[in-house]
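**Q** To be precise about what I am sending: the file is called structure-v4.json and holds JSON, C-alpha atoms.
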```
[["chain", "number", "residue", "atom", "x", "y", "z"],
["A", 1, "MET", "CA", 52.85, 4.91, -5.02],
["A", 2, "THR", "CA", 56.20, 5.00, -6.74],
["A", 3, "GLU", "CA", 59.44, 5.01, -4.83],
["A", 4, "GLN", "CA", 60.02, 8.70, -5.59],
["A", 5, "SER", "CA", 56.52, 9.95, -4.86],
["A", 6, "TYR", "CA", 57.27, 11.10, -1.34],
["A", 7, "GLU", "CA", 59.17, 14.18, -0.31],
["A", 8, "GLN", "CA", 62.90, 14.02, -1.04],
["A", 9, "PRO", "CA", 65.66, 16.37, 0.14],
["A", 10, "CYS", "CA", 66.09, 19.18, -2.37],
["A", 11, "SER", "CA", 69.16, 19.02, -4.59],
["A", 12, "GLU", "CA", 68.30, 22.23, -6.43],
["A", 13, "PRO", "CA", 69.24, 25.49, -4.72],
["A", 14, "GLY", "CA", 66.70, 28.18, -4.01],
["A", 15, "LYS", "CA", 67.01, 31.56, -5.72],
["A", 16, "ALA", "CA", 67.12, 34.79, -3.77],
["A", 17, "ASN", "CA", 66.29, 38.20, -5.20],
["A", 18, "ALA", "CA", 66.04, 41.72, -3.82],
["A", 19, "GLU", "CA", 62.65, 43.41, -4.20],
["A", 20, "GLN", "CA", 61.49, 46.69, -2.66],
["A", 21, "GLY", "CA", 64.21, 46.56, 0.01],
["A", 22, "MET", "CA", 63.41, 42.98, 0.99],
["A", 23, "VAL", "CA", 64.89, 39.62, 0.11],
["A", 24, "ILE", "CA", 62.64, 37.14, -1.66],
["A", 25, "LEU", "CA", 63.57, 33.47, -1.60],
["A", 26, "ASP", "CA", 61.89, 31.27, -4.22],
["A", 27, "GLY", "CA", 61.94, 27.52, -4.17],
["A", 28, "PRO", "CA", 62.71, 24.77, -4.14],
["A", 29, "ASP", "CA", 59.51, 22.80, -3.52],
["A", 30, "GLY", "CA", 57.18, 25.71, -3.09],
["A", 31, "VAL", "CA", 59.31, 27.63, -0.62],
["A", 32, "ALA", "CA", 58.39, 31.30, -0.99],
["A", 33, "VAL", "CA", 59.67, 33.58, 1.74],
["A", 34, "THR", "CA", 60.14, 37.33, 2.07],
["A", 35, "MET", "CA", 62.73, 38.48, 4.61],
["A", 36, "THR", "CA", 64.30, 41.70, 5.79],
["A", 37, "PRO", "CA", 67.92, 42.06, 4.66],
["A", 38, "ASP", "CA", 69.09, 41.42, 8.24],
["A", 39, "ALA", "CA", 67.02, 38.24, 8.55],
["A", 40, "ALA", "CA", 68.23, 37.11, 5.11],
["A", 41, "GLU", "CA", 71.89, 37.63, 6.11],
["A", 42, "LYS", "CA", 71.42, 35.66, 9.31],
["A", 43, "THR", "CA", 69.52, 32.92, 7.45],
["A", 44, "GLY", "CA", 72.32, 32.75, 4.89],
["A", 45, "GLN", "CA", 74.96, 32.40, 7.61],
["A", 46, "SER", "CA", 72.86, 29.76, 9.35],
["A", 47, "LEU", "CA", 72.43, 27.83, 6.09],
["A", 48, "ILE", "CA", 76.18, 27.86, 5.39],
["A", 49, "GLU", "CA", 76.95, 26.67, 8.92],
["A", 50, "ALA", "CA", 74.31, 23.91, 8.70],
["A", 51, "ALA", "CA", 75.56, 22.85, 5.25],
["A", 52, "GLY", "CA", 79.11, 22.50, 6.64],
["A", 53, "LYS", "CA", 77.85, 20.44, 9.56],
["A", 54, "ALA", "CA", 75.76, 18.22, 7.23],
["A", 55, "LEU", "CA", 78.80, 17.60, 5.00],
["A", 56, "ARG", "CA", 80.85, 16.58, 8.04],
["A", 57, "GLN", "CA", 78.06, 14.20, 9.06],
["A", 58, "GLN", "CA", 78.12, 12.63, 5.56],
["A", 59, "THR", "CA", 81.90, 12.26, 5.72],
["A", 60, "ALA", "CA", 81.69, 10.63, 9.15],
["A", 61, "ALA", "CA", 78.96, 8.26, 7.95],
["A", 62, "ASP", "CA", 81.08, 7.23, 4.94],
["A", 63, "GLN", "CA", 84.06, 6.26, 7.14],
["B", 1, "MET", "CA", 16.34, 35.83, -10.17],
["B", 2, "PHE", "CA", 18.70, 35.59, -7.22],
["B", 3, "THR", "CA", 19.70, 32.00, -7.86],
["B", 4, "GLU", "CA", 20.42, 32.08, -11.60],
["B", 5, "ARG", "CA", 24.15, 31.51, -11.07],
["B", 6, "PHE", "CA", 23.80, 28.81, -8.41],
["B", 7, "LEU", "CA", 25.39, 25.60, -9.80],
["B", 8, "ARG", "CA", 25.33, 27.11, -13.28],
["B", 9, "ASN", "CA", 27.21, 24.96, -15.76],
["B", 10, "ARG", "CA", 28.12, 22.31, -13.19],
["B", 11, "ARG", "CA", 27.92, 18.67, -14.21],
["B", 12, "GLY", "CA", 24.67, 16.80, -13.51],
["B", 13, "VAL", "CA", 23.08, 19.33, -11.19],
["B", 14, "ALA", "CA", 21.11, 21.67, -13.43],
["B", 15, "LEU", "CA", 18.15, 22.99, -11.45],
["B", 16, "THR", "CA", 14.72, 22.59, -12.97],
["B", 17, "SER", "CA", 12.62, 25.74, -13.21],
["B", 18, "GLU", "CA", 10.44, 24.40, -10.38],
["B", 19, "GLU", "CA", 13.46, 23.72, -8.17],
["B", 20, "ARG", "CA", 14.85, 27.16, -8.88],
["B", 21, "ALA", "CA", 11.51, 28.76, -8.04],
["B", 22, "ALA", "CA", 11.37, 26.80, -4.78],
["B", 23, "LEU", "CA", 14.91, 27.87, -3.90],
["B", 24, "GLU", "CA", 14.02, 31.48, -4.69],
["B", 25, "ALA", "CA", 11.00, 31.16, -2.40],
["B", 26, "SER", "CA", 13.27, 30.14, 0.50],
["B", 27, "ILE", "CA", 15.01, 33.52, 0.35],
["B", 28, "VAL", "CA", 13.63, 35.98, 2.86],
["B", 29, "GLU", "CA", 15.95, 38.93, 2.40],
["B", 30, "VAL", "CA", 18.50, 40.43, 0.01],
["B", 31, "ARG", "CA", 21.23, 42.61, 1.46],
["B", 32, "THR", "CA", 23.96, 44.75, -0.02],
["B", 33, "ILE", "CA", 27.08, 44.76, 2.12],
["B", 34, "GLY", "CA", 30.10, 47.04, 1.87],
["B", 35, "PRO", "CA", 33.57, 45.74, 1.09],
["B", 36, "ARG", "CA", 35.78, 44.24, 3.81],
["B", 37, "THR", "CA", 32.86, 43.52, 6.11],
["B", 38, "THR", "CA", 32.89, 40.43, 8.29],
["B", 39, "ILE", "CA", 29.38, 38.95, 8.30],
["B", 40, "ILE", "CA", 29.98, 35.73, 10.23],
["B", 41, "ARG", "CA", 32.35, 35.14, 13.13],
["B", 42, "GLN", "CA", 33.87, 31.78, 13.96],
["B", 43, "GLY", "CA", 31.72, 29.89, 16.46],
["B", 44, "GLU", "CA", 28.64, 32.10, 16.43],
["B", 45, "ASP", "CA", 25.25, 30.36, 16.36],
["B", 46, "LEU", "CA", 23.78, 30.42, 12.88],
["B", 47, "SER", "CA", 20.24, 29.88, 11.68],
["B", 48, "ILE", "CA", 20.62, 31.29, 8.16],
["B", 49, "SER", "CA", 22.77, 30.62, 5.11],
["B", 50, "THR", "CA", 24.05, 33.14, 2.59],
["B", 51, "LEU", "CA", 23.87, 32.89, -1.18],
["B", 52, "LEU", "CA", 26.25, 35.30, -2.91],
["B", 53, "ILE", "CA", 24.51, 37.11, -5.75],
["B", 54, "ASP", "CA", 27.12, 39.69, -6.70],
["B", 55, "GLY", "CA", 30.67, 40.48, -5.63],
["B", 56, "PHE", "CA", 33.45, 38.46, -4.03],
["B", 57, "MET", "CA", 33.56, 37.02, -0.53],
["B", 58, "SER", "CA", 36.10, 35.06, 1.46],
["B", 59, "ARG", "CA", 36.41, 32.63, 4.30],
["B", 60, "TYR", "CA", 39.44, 33.28, 6.44],
["B", 61, "ILE", "CA", 41.35, 32.33, 9.57],
["B", 62, "ASP", "CA", 43.63, 34.78, 11.38],
["B", 63, "ASP", "CA", 46.68, 33.65, 13.28],
["B", 64, "ARG", "CA", 47.62, 34.88, 16.76],
["B", 65, "LYS", "CA", 49.40, 37.90, 15.28],
["B", 66, "GLY", "CA", 46.32, 38.79, 13.26],
["B", 67, "LEU", "CA", 47.89, 37.69, 9.98],
["B", 68, "ARG", "CA", 45.22, 36.34, 7.70],
["B", 69, "GLN", "CA", 44.99, 33.21, 5.57],
["B", 70, "LEU", "CA", 42.10, 33.19, 3.15],
["B", 71, "VAL", "CA", 40.84, 29.61, 3.03],
["B", 72, "ALA", "CA", 38.23, 30.18, 0.32],
["B", 73, "VAL", "CA", 37.15, 32.81, -2.16],
["B", 74, "HIS", "CA", 33.54, 32.87, -3.27],
["B", 75, "VAL", "CA", 32.13, 34.13, -6.53],
["B", 76, "PRO", "CA", 28.52, 34.93, -7.46],
["B", 77, "GLY", "CA", 26.27, 31.90, -7.32],
["B", 78, "ASP", "CA", 28.12, 30.31, -4.41],
["B", 79, "PHE", "CA", 26.14, 29.28, -1.34],
["B", 80, "VAL", "CA", 28.88, 30.69, 0.87],
["B", 81, "ASP", "CA", 27.97, 29.24, 4.24],
["B", 82, "LEU", "CA", 25.68, 26.38, 3.37],
["B", 83, "HIS", "CA", 28.02, 24.38, 5.63],
["B", 84, "ALA", "CA", 26.35, 26.15, 8.52],
["B", 85, "TYR", "CA", 23.04, 24.50, 7.66],
["B", 86, "PRO", "CA", 24.04, 21.17, 9.24],
["B", 87, "LEU", "CA", 26.89, 22.52, 11.39],
["B", 88, "LYS", "CA", 24.99, 25.51, 12.90],
["B", 89, "ALA", "CA", 28.32, 27.31, 13.38],
["B", 90, "LEU", "CA", 31.46, 27.80, 11.33],
["B", 91, "ASP", "CA", 35.10, 27.18, 12.20],
["B", 92, "HIS", "CA", 36.22, 30.33, 10.36],
["B", 93, "ASP", "CA", 35.08, 33.87, 9.67],
["B", 94, "VAL", "CA", 33.26, 34.98, 6.51],
["B", 95, "SER", "CA", 33.77, 38.41, 4.98],
["B", 96, "THR", "CA", 33.09, 40.38, 1.86],
["B", 97, "LEU", "CA", 36.12, 41.25, -0.24],
["B", 98, "THR", "CA", 34.31, 43.65, -2.54],
["B", 99, "SER", "CA", 30.91, 45.23, -2.15],
["B", 100, "ALA", "CA", 28.53, 42.28, -2.27],
["B", 101, "THR", "CA", 24.85, 41.47, -2.64],
["B", 102, "VAL", "CA", 23.68, 38.41, -0.76],
["B", 103, "ALA", "CA", 20.44, 36.49, -0.38],
["B", 104, "ILE", "CA", 19.51, 35.10, 3.02],
["B", 105, "ALA", "CA", 17.94, 31.65, 3.33],
["B", 106, "PRO", "CA", 16.83, 30.67, 6.84],
["B", 107, "HIS", "CA", 17.66, 27.11, 7.82],
["B", 108, "VAL", "CA", 13.98, 26.42, 8.56],
["B", 109, "ALA", "CA", 13.20, 27.31, 4.94],
["B", 110, "ILE", "CA", 15.96, 24.96, 3.73],
["B", 111, "ASP", "CA", 14.47, 22.24, 5.97],
["B", 112, "ALA", "CA", 11.12, 22.66, 4.24],
["B", 113, "LEU", "CA", 12.72, 22.83, 0.80],
["B", 114, "ILE", "CA", 14.55, 19.55, 1.29],
["B", 115, "GLN", "CA", 11.48, 17.81, 2.68],
["B", 116, "GLU", "CA", 9.35, 18.93, -0.25],
["B", 117, "ARG", "CA", 12.00, 18.34, -2.92],
["B", 118, "PRO", "CA", 14.55, 15.67, -1.97],
["B", 119, "GLU", "CA", 16.43, 16.11, -5.27],
["B", 120, "ILE", "CA", 17.39, 19.63, -4.15],
["B", 121, "ALA", "CA", 19.16, 18.07, -1.16],
["B", 122, "ARG", "CA", 21.51, 16.27, -3.55],
["B", 123, "LYS", "CA", 22.19, 19.51, -5.40],
["B", 124, "LEU", "CA", 22.85, 21.45, -2.20],
["B", 125, "TRP", "CA", 25.12, 18.62, -1.08],
["B", 126, "PHE", "CA", 26.93, 18.83, -4.43],
["B", 127, "SER", "CA", 27.52, 22.52, -3.73],
["B", 128, "THR", "CA", 29.30, 21.82, -0.43],
["B", 129, "LEU", "CA", 31.25, 18.93, -1.99],
["B", 130, "LEU", "CA", 32.40, 21.33, -4.67],
["B", 131, "ASP", "CA", 33.74, 23.58, -1.89],
["B", 132, "ALA", "CA", 35.56, 20.56, -0.48],
["B", 133, "ALA", "CA", 37.09, 19.76, -3.88],
["B", 134, "ILE", "CA", 38.30, 23.32, -4.20],
["B", 135, "HIS", "CA", 39.77, 23.15, -0.68],
["B", 136, "ARG", "CA", 41.72, 20.02, -1.61],
["B", 137, "VAL", "CA", 43.23, 21.75, -4.60],
["B", 138, "TRP", "CA", 44.05, 24.81, -2.50],
["B", 139, "LEU", "CA", 46.05, 22.46, -0.23],
["B", 140, "PHE", "CA", 47.89, 21.17, -3.28],
["B", 141, "ARG", "CA", 48.52, 24.72, -4.45],
["B", 142, "LEU", "CA", 49.88, 25.88, -1.11],
["B", 143, "GLY", "CA", 51.91, 22.74, -0.48],
["B", 144, "ARG", "CA", 53.41, 21.95, -3.87],
["B", 145, "LEU", "CA", 53.57, 25.00, -6.12],
["B", 146, "ASP", "CA", 56.17, 27.74, -6.21],
["B", 147, "ALA", "CA", 55.18, 31.39, -5.92],
["B", 148, "ILE", "CA", 54.45, 31.88, -9.64],
["B", 149, "GLY", "CA", 52.57, 28.59, -9.71],
["B", 150, "LYS", "CA", 50.42, 29.56, -6.73],
["B", 151, "VAL", "CA", 49.34, 32.89, -8.20],
["B", 152, "SER", "CA", 48.91, 31.41, -11.70],
["B", 153, "HIS", "CA", 46.77, 28.63, -10.31],
["B", 154, "PHE", "CA", 44.50, 31.01, -8.44],
["B", 155, "LEU", "CA", 44.05, 33.11, -11.59],
["B", 156, "CYS", "CA", 43.29, 30.03, -13.74],
["B", 157, "GLU", "CA", 40.80, 28.76, -11.16],
["B", 158, "THR", "CA", 39.06, 32.11, -10.88],
["B", 159, "ASN", "CA", 38.91, 32.42, -14.66],
["B", 160, "ALA", "CA", 37.27, 28.99, -14.92],
["B", 161, "ARG", "CA", 34.79, 29.69, -12.12],
["B", 162, "LEU", "CA", 33.84, 33.07, -13.54],
["B", 163, "SER", "CA", 33.56, 31.64, -17.07],
["B", 164, "ALA", "CA", 31.01, 29.13, -15.77],
["B", 165, "ILE", "CA", 28.78, 31.94, -14.54],
["B", 166, "GLY", "CA", 29.33, 34.24, -17.52],
["B", 167, "LEU", "CA", 31.60, 36.73, -15.73],
["B", 168, "SER", "CA", 34.72, 35.93, -17.77],
["B", 169, "ASP", "CA", 34.96, 35.64, -21.52],
["B", 170, "GLY", "CA", 37.54, 32.94, -20.93],
["B", 171, "ARG", "CA", 40.49, 35.34, -21.09],
["B", 172, "ARG", "CA", 39.44, 38.54, -19.36],
["B", 173, "PHE", "CA", 37.60, 39.21, -16.13],
["B", 174, "ALA", "CA", 37.12, 41.82, -13.44],
["B", 175, "LEU", "CA", 38.81, 40.89, -10.18],
["B", 176, "GLY", "CA", 38.27, 43.45, -7.45],
["B", 177, "LEU", "CA", 41.00, 42.06, -5.23],
["B", 178, "THR", "CA", 44.22, 43.69, -4.11],
["B", 179, "GLN", "CA", 47.69, 42.24, -4.27],
["B", 180, "ALA", "CA", 47.41, 41.89, -0.48],
["B", 181, "ASP", "CA", 44.32, 39.70, -0.98],
["B", 182, "ILE", "CA", 46.19, 37.49, -3.43],
["B", 183, "ALA", "CA", 49.03, 37.32, -0.91],
["B", 184, "GLU", "CA", 46.60, 36.09, 1.76],
["B", 185, "ILE", "CA", 45.19, 33.54, -0.67],
["B", 186, "CYS", "CA", 48.57, 32.20, -1.75],
["B", 187, "GLY", "CA", 50.47, 32.43, 1.54],
["B", 188, "LEU", "CA", 52.89, 35.00, 0.16],
["B", 189, "THR", "CA", 53.79, 38.57, 1.03],
["B", 190, "SER", "CA", 52.45, 41.46, -1.03],
["B", 191, "ILE", "CA", 56.01, 42.16, -2.17],
["B", 192, "HIS", "CA", 56.29, 38.60, -3.44],
["B", 193, "VAL", "CA", 52.94, 38.82, -5.23],
["B", 194, "ASN", "CA", 54.00, 42.08, -6.83],
["B", 195, "ARG", "CA", 57.13, 40.40, -8.16],
["B", 196, "VAL", "CA", 55.18, 37.37, -9.41],
["B", 197, "LEU", "CA", 52.65, 39.54, -11.24],
["B", 198, "ARG", "CA", 55.52, 41.37, -12.92],
["B", 199, "GLN", "CA", 57.06, 38.04, -13.95],
["B", 200, "LEU", "CA", 53.73, 36.85, -15.38],
["B", 201, "ARG", "CA", 53.51, 40.09, -17.36],
["B", 202, "GLU", "CA", 57.12, 39.83, -18.59],
["B", 203, "GLN", "CA", 56.52, 36.23, -19.65],
["B", 204, "ASN", "CA", 53.42, 37.33, -21.62],
["B", 205, "LEU", "CA", 51.22, 35.00, -19.60],
["B", 206, "CYS", "CA", 48.89, 37.36, -17.76],
["B", 207, "VAL", "CA", 48.36, 41.00, -16.83],
["B", 208, "PHE", "CA", 46.56, 42.07, -13.64],
["B", 209, "ARG", "CA", 45.99, 45.80, -13.71],
["B", 210, "SER", "CA", 43.24, 48.16, -12.52],
["B", 211, "ALA", "CA", 41.18, 45.29, -11.11],
["B", 212, "MET", "CA", 41.14, 43.52, -14.49],
["B", 213, "VAL", "CA", 42.84, 40.25, -15.33],
["B", 214, "ASP", "CA", 43.89, 39.70, -18.94],
["B", 215, "ILE", "CA", 45.16, 36.22, -19.65],
["B", 216, "LEU", "CA", 47.46, 36.53, -22.65],
["B", 217, "ASP", "CA", 48.41, 32.86, -22.96],
["B", 218, "LEU", "CA", 45.86, 30.59, -21.29],
["B", 219, "PRO", "CA", 47.52, 27.24, -22.13],
["B", 220, "GLY", "CA", 50.86, 28.66, -20.96],
["B", 221, "LEU", "CA", 49.38, 29.97, -17.71],
["B", 222, "GLU", "CA", 47.62, 26.66, -17.07],
["B", 223, "ARG", "CA", 50.87, 24.77, -17.65],
["B", 224, "ARG", "CA", 52.75, 27.08, -15.30],
["B", 225, "ALA", "CA", 50.03, 26.55, -12.68],
["B", 226, "GLN", "CA", 49.70, 22.77, -13.20],
["B", 227, "PHE", "CA", 46.01, 23.65, -13.50],
["B", 228, "ASP", "CA", 43.49, 20.94, -14.35],
["B", 229, "PRO", "CA", 39.87, 22.15, -14.01],
["B", 230, "GLN", "CA", 38.48, 18.63, -13.44],
["B", 231, "TYR", "CA", 37.92, 19.39, -9.74],
["B", 232, "LEU", "CA", 35.47, 22.17, -10.63],
["B", 233, "TYR", "CA", 33.03, 19.65, -12.12],
["B", 234, "LEU", "CA", 32.12, 21.92, -14.99],
["B", 235, "ARG", "CA", 29.81, 20.72, -17.72],
["B", 236, "LYS", "CA", 31.80, 19.06, -20.49],
["B", 237, "ASP", "CA", 30.69, 21.62, -23.06],
["B", 238, "THR", "CA", 31.92, 24.48, -20.90],
["B", 239, "GLY", "CA", 35.41, 25.71, -21.32],
["B", 240, "SER", "CA", 37.38, 28.86, -21.03],
["B", 241, "GLU", "CA", 37.97, 28.92, -24.79],
["B", 242, "ASN", "CA", 34.26, 29.24, -25.51],
["B", 243, "GLY", "CA", 33.52, 32.68, -24.18],
["B", 244, "ASP", "CA", 30.15, 33.19, -22.54],
["B", 245, "ILE", "CA", 28.54, 29.93, -21.57],
["B", 246, "PRO", "CA", 24.83, 29.30, -21.90],
["B", 247, "ALA", "CA", 22.95, 28.88, -18.65]]
```
How would this structure read if it were set down as structure tokens?

**A**
Amino acid sequence: MTEQSYEQPCSEPGKANAEQGMVILDGPDGVAVTMTPDAAEKTGQSLIEAAGKALRQQTAADQ
Amino acid sequence: MFTERFLRNRRGVALTSEERAALEASIVEVRTIGPRTTIIRQGEDLSISTLLIDGFMSRYIDDRKGLRQLVAVHVPGDFVDLHAYPLKALDHDVSTLTSATVAIAPHVAIDALIQERPEIARKLWFSTLLDAAIHRVWLFRLGRLDAIGKVSHFLCETNARLSAIGLSDGRRFALGLTQADIAEICGLTSIHVNRVLRQLREQNLCVFRSAMVDILDLPGLERRAQFDPQYLYLRKDTGSENGDIPA
């Protein structure tokens, strides 16, 4: 087993598209989700909030 | 012959004419079943096994909401529930997808067959190991591939399996499944599958229309799917480029 053969955090963003009144999220790493627009909006807000919190954790760890 | 497609073009398990005749003799009944009919329920006691002669069948597990995950698709020649021979019950349901013709082999007849012809036991075992190999690759497909990869992989696999039994010319085959079926196979929604099929068409890889699959660029589709047919244990001289394959 090589060092990189296990699951790593994704550094590539997923891509969202609208299809038949739903939001489709593709990737990374096989993620394939279909959401209602409302669920997609709430997921997006949740992702942004979590990303901010994760960045603050990284900053705190660096200090 | 009900068994002519059983293990056809698989490596090292060609049935002799005597073995095939003995297997045929173990069949007590042939049934035609309508589409979308569940023939075996999880946990029920079983004393027969079902050889698929014509049509498509599935094994599936429903979640608590009734949403379905297909855990296997069977094509003609597959001994769909041979697992029930030693297990005597299944941990999943079995259903037809299309109209299907099946042959019924009682377990007592399989007992006698194996006692009389031990080499058939190895070939029946091979058949269930082939199912296990396909299950492993389905795990890979569901766990590692993106949406286009999942659908592409299923189409490549089906093309290879149908080529082995002479039901694909290597590029084109009838597939009586709906987009909802493919969604349940690939763990996607129908909307997602619809989008993926459009992308495959736009990329000139594959067209799925009116229950027919036309693979426009087989190497390209296989690359997109990360498809390697090794796990299907096909005879080395079989290949999707070769058209119909001799039995």

**Q** Counting only C-alpha atoms, which residues of chain B sit at most 7 Å from some atom of chain A, and what is each one's closest atom pair with its distance in Å to one decimal, listed by chain and rising residue number, as CSV?

**A**
```
residue,atom,partner,partner_atom,distance
B:Gly143,CA,A:Gly30,CA,6.6
B:Arg144,CA,A:Gly30,CA,5.4
B:Leu145,CA,A:Gly30,CA,4.8
B:Asp146,CA,A:Gly30,CA,3.9
B:Ala147,CA,A:Ala32,CA,5.9
B:Leu188,CA,A:Ala32,CA,6.7
B:Thr189,CA,A:Thr34,CA,6.6
B:His192,CA,A:Ile24,CA,6.8
```

**Q** In Å, with one decimal, what is the gap from CA of Leu82 (chain B) to CA of Leu124 (chain B)?

**A**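 Between CA of Leu82 (chain B) and CA of Leu124 (chain B) the gap is 8.0 Å.
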
**Q** Taking only C-alpha atoms into account, which of B:Arg68, B:Arg161, B:His83, B:Lys150 comes nearest His107 (chain B)?

**A**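 Of B:Arg68, B:Arg161, B:His83, B:Lys150, the one nearest His107 (chain B) is B:His83, counting only C-alpha atoms.
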
**Q** Env of Leu70 (chain B): 8 Å cut, atoms = all atoms listed in the file, seq-sep filter 3 positions within chain, self excluded. Answer as a ChimeraX atom specification.

**A** /B:58-61,73,184-185

**Q** Would you kindly return, as a PyMOL selection string, each protein, DNA or RNA residue with an atom no farther than 9 Å from any atom of Ile110 (chain B), considering all atoms listed in the file and excluding same-chain residues fewer than 3 positions away?

**A** chain B and resi 23+26+49+85+105-107+113-115

**Q** When distances are computed from only C-alpha atoms, which of A:Gln8, A:Gly14, A:Gln63, A:Gln57 shows the smallest separation from Gly44 (chain A)?

**A**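 Going through A:Gln8, A:Gly14, A:Gln63, A:Gln57 one by one, the smallest distance to Gly44 (chain A) is for A:Gly14.
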
**Q** Between CA of Asn9 (chain B) and CA of Thr158 (chain B), what is the distance in Å, rounded to a tenth?

**A** 14.7 Å

**Q** Just want the 9 Å neighbourhood of Ala21 (chain B), counted on all atoms listed in the file, with same-chain residues fewer than 5 positions away dropped. Output as a ChimeraX atom specification.

**A** /B:1,3,16,26

**Q** Go ahead and compute the interatomic distance for CA of His135 (chain B) and CA of Arg195 (chain B), in Å to one decimal.

**A** 25.6 Å

**Q** Centre and edge lengths of an axis-aligned box around all listed atoms of region 205-214 of chain B, with 6 Å added on each side, are to be given in Å to one decimal, as JSON.

**A**
```
{"center_x": 46.2, "center_y": 41.6, "center_z": -15.4, "size_x": 22.1, "size_y": 25.2, "size_z": 20.5}
```
